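The block underneath contains the structure these notes are about, expressed in structure tokens.
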Amino acid sequence: MDSAASNVGSSDASGTLDEALERLHISGPEREGWLSNHAPMAVESLVRHGQAPAVHRWIDAYRDKLEDMPGEDSPVTESNWREALGDPRRLADWIRYFTHQVEERPWRDVLALWWPRLLPGISAGATHPVIRTGHAVRALLAEDGRTAPRHRELAHALGYWAARHSALPGIELLPAEASAEAGYDAVPLIADQSGGIRERLARITALPQRPHPVGRAGRIGADGAGSTDPDRARADLEEIVRVATRRYATHAHGSPVMLVHAATAPNAVLRTLPALPRTLWAASVDAAWSASAAVTAVYAPAEG
């Protein structure tokens, strides 16, 4: 589903992905109040990995987990979007807003405008909105990606993210470590790992900054954190994804369902980088690390 996988797009000669997305877009991005609808992410991954013939049967089996799209409240506009940001009651309004945006403008332009606005809330929805965005972007980057259902899928993903947008509370930034392994080891675990992710994230008081190797060439941020050079930042992100995936093998017993997002959230950002202006890459990697470190802080066990 939202697994860490290759970022290279692929074509879908069968048209199955577009059919599946059209079928799913009548459903909302959540169920039972806030649990994420994984179906759009799952079908993109199935098609991406050569399993298109299984997609519609998979949706049939998942159907009980789908809920209708919630009703609209009031339109999101260029003048009121700030007050609507982070309001889950406006979920359908946000999706309609982004649907219009991707119909009227190139999708890359919409993404480039809204990506930095949404990044501070990357942990929202247990990181599922950014993960869904990563899958949507990968589908759009494929050779046959310029289809209306795939544009609408990006609109659904961004709308979900905007409605659930929630930045981490003011936290202390700890010094950056010299490797991703050391960075994860330095993440302070919250003492009370009870309740849902929203309650847990509110208990975080400090997180280390993005790790960077000692002696790496490239300009380092003024605070001493990760490189601001786009290529070096991307290399940091690739290492974060690799290390987070390896750590899952030794730490998943803490919370196997939730801790996987320490890898899949930064991997979603990695998938999205090729569609973004390079000037946004370093900030994207910083946000990806903060999301991964936050999930680690609230779900990782003390011992691997």
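The way I read the labels, and the way they are meant: chains A, B, ... in the order of the structure tokens, residue 1 as the first residue of every chain, and ligand 1 as the first ligand shown, with later ones counted on from there.
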
As an MDAnalysis selection string, please: every residue in stretch 35-262 of chain A that DSSP puts in alpha helix (DSSP H). chainID A and resid 39:48 55:62 81:84 91:104 107:118 128:141 148:164 180:185 197:201 230:251 256:259 261:262

Quick check for you: according to DSSP on this backbone, which residues of stretch 47-241 of chain A are classed as strand (DSSP E or B)? Reply as a ChimeraX atom specification. /A:68,172-174,206-208,220,227

Any idea what's packed within 10 Å of stretch 91-104 of chain A, counting only C-alpha atoms, ignoring anything in its chain fewer than 4 positions away? Could you give it as an MDAnalysis selection string? chainID A and resid 28:30 69:78 81 84:87 108:111 114 148 151:164

With only C-alpha atoms as the counted atoms, please give the residues lying no more than 12 Å from A:Ser14, apart from itself and same-chain residues fewer than 6 positions off, as number ranges by chain. A: 20, 47-48, 50-53, 55, 144

Test item: residues at most 7 Å from A:Gly183, only C-alpha atoms, excluding those fewer than 6 positions along its chain, as a compact mmCIF listing (two decimals) with all heavy atoms, in the first residue's frame:
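Once everything was written out, this is result38.txt:
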# COMPACT_ATOMS: atom_id res chain seq x y z
N GLU A 177 22.61 15.09 14.04
CA GLU A 177 23.60 14.02 14.20
C GLU A 177 24.33 13.81 12.87
O GLU A 177 23.93 14.31 11.83
CB GLU A 177 22.90 12.73 14.64
CG GLU A 177 22.22 12.83 15.99
CD GLU A 177 23.21 13.01 17.14
OE1 GLU A 177 24.36 12.54 17.00
OE2 GLU A 177 22.84 13.61 18.17
N PRO A 208 15.54 16.02 17.08
CA PRO A 208 16.81 16.43 16.44
C PRO A 208 16.56 16.94 15.03
O PRO A 208 15.60 16.56 14.36
CB PRO A 208 17.62 15.13 16.42
CG PRO A 208 16.61 14.04 16.48
CD PRO A 208 15.45 14.57 17.27
N PRO A 211 19.73 14.85 10.08
CA PRO A 211 21.13 14.44 10.15
C PRO A 211 21.89 14.80 8.88
O PRO A 211 21.30 14.92 7.80
CB PRO A 211 21.04 12.91 10.28
CG PRO A 211 19.62 12.59 10.56
CD PRO A 211 18.80 13.71 10.05

For stretch 258-275 of chain A, please output as a list in words all residues within 7 Å (counting only C-alpha atoms; exclusion window: fewer than 3 positions along the same chain).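 Residues meeting the cut-off are Asp2, Ser3, Ala4, Asn7, Arg108, Thr127, Val130, Ile131, Gly134, Val137, Arg138, Leu237, Val241, Ala244, Thr245, Tyr248, Ala252, Ser255, Trp281, Ser284, Ala288, Trp289, Ala291, Ser292, Ala293, Val295, Thr296, Tyr299 and Ala300 of chain A.
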
Atom CA of A:Ala294 to atom CA of A:Ser166, straight-line distance in Å: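 Atom CA of A:Ala294 lies at a distance of 13.0 Å from atom CA of A:Ser166.
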
Separation of atom CA of A:Ser79 from atom CA of A:His165, in Å and rounded to one decimal: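 Separation between atom CA of A:Ser79 and atom CA of A:His165: 17.8 Å.
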
Would you pick out the contacts of A:Arg247 at 9 Å or less, using only C-alpha atoms, so that residues sharing its chain but fewer than 4 positions from it are not included, and give the list as a PyMOL selection string? chain A and resi 181+184+242-243+251-252+263+304

Selected residues, N, CA, C and O atoms, written as a compact mmCIF listing (two decimals), in the first residue's frame, please.
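Written file, out-v6.txt:
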# COMPACT_ATOMS: atom_id res chain seq x y z
N GLU A 181 21.37 6.90 11.18
CA GLU A 181 21.29 5.95 12.30
C GLU A 181 21.39 6.67 13.64
O GLU A 181 20.58 6.44 14.56
N TYR A 184 18.17 8.79 14.40
CA TYR A 184 17.04 8.06 15.00
C TYR A 184 17.32 7.67 16.45
O TYR A 184 16.44 7.71 17.29
N ARG A 242 16.18 4.61 3.70
CA ARG A 242 16.85 3.32 3.87
C ARG A 242 16.96 2.94 5.35
O ARG A 242 16.64 1.82 5.74
N VAL A 243 17.41 3.89 6.16
CA VAL A 243 17.62 3.58 7.58
C VAL A 243 16.29 3.35 8.29
O VAL A 243 16.15 2.43 9.11
N HIS A 251 12.42 -2.62 15.18
CA HIS A 251 11.63 -1.84 16.13
C HIS A 251 10.12 -1.92 15.91
O HIS A 251 9.35 -1.32 16.67
N ALA A 252 9.69 -2.68 14.92
CA ALA A 252 8.26 -2.71 14.61
C ALA A 252 7.41 -3.29 15.73
O ALA A 252 6.20 -3.03 15.79
N ALA A 263 8.96 5.32 7.76
CA ALA A 263 9.63 5.09 6.47
C ALA A 263 8.79 5.58 5.30
O ALA A 263 9.31 6.16 4.35
N GLY A 304 15.46 -1.99 20.52
CA GLY A 304 15.22 -2.70 19.27
C GLY A 304 15.31 -4.20 19.48
O GLY A 304 15.69 -4.68 20.53

Best match for closeness to A:His25 among A:Ile59, A:Pro129, A:Ala233, A:Pro149, counting only C-alpha atoms: A:Pro149

Give the answer as one residue: which of A:Leu46, A:Ala61, A:Ala54, A:Ile240 has the shortest atom-to-atom distance to A:Ser290, using only C-alpha atoms?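 Once distances to A:Ser290 are computed over only C-alpha atoms, the minimum belongs to A:Ile240.
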
Point out the residue among A:Ala206, A:Gly15, A:Ser36, A:Val43 with the least atom-to-atom distance to A:Pro175, counting only C-alpha atoms.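 Of all the options, A:Ala206 lies closest to A:Pro175.
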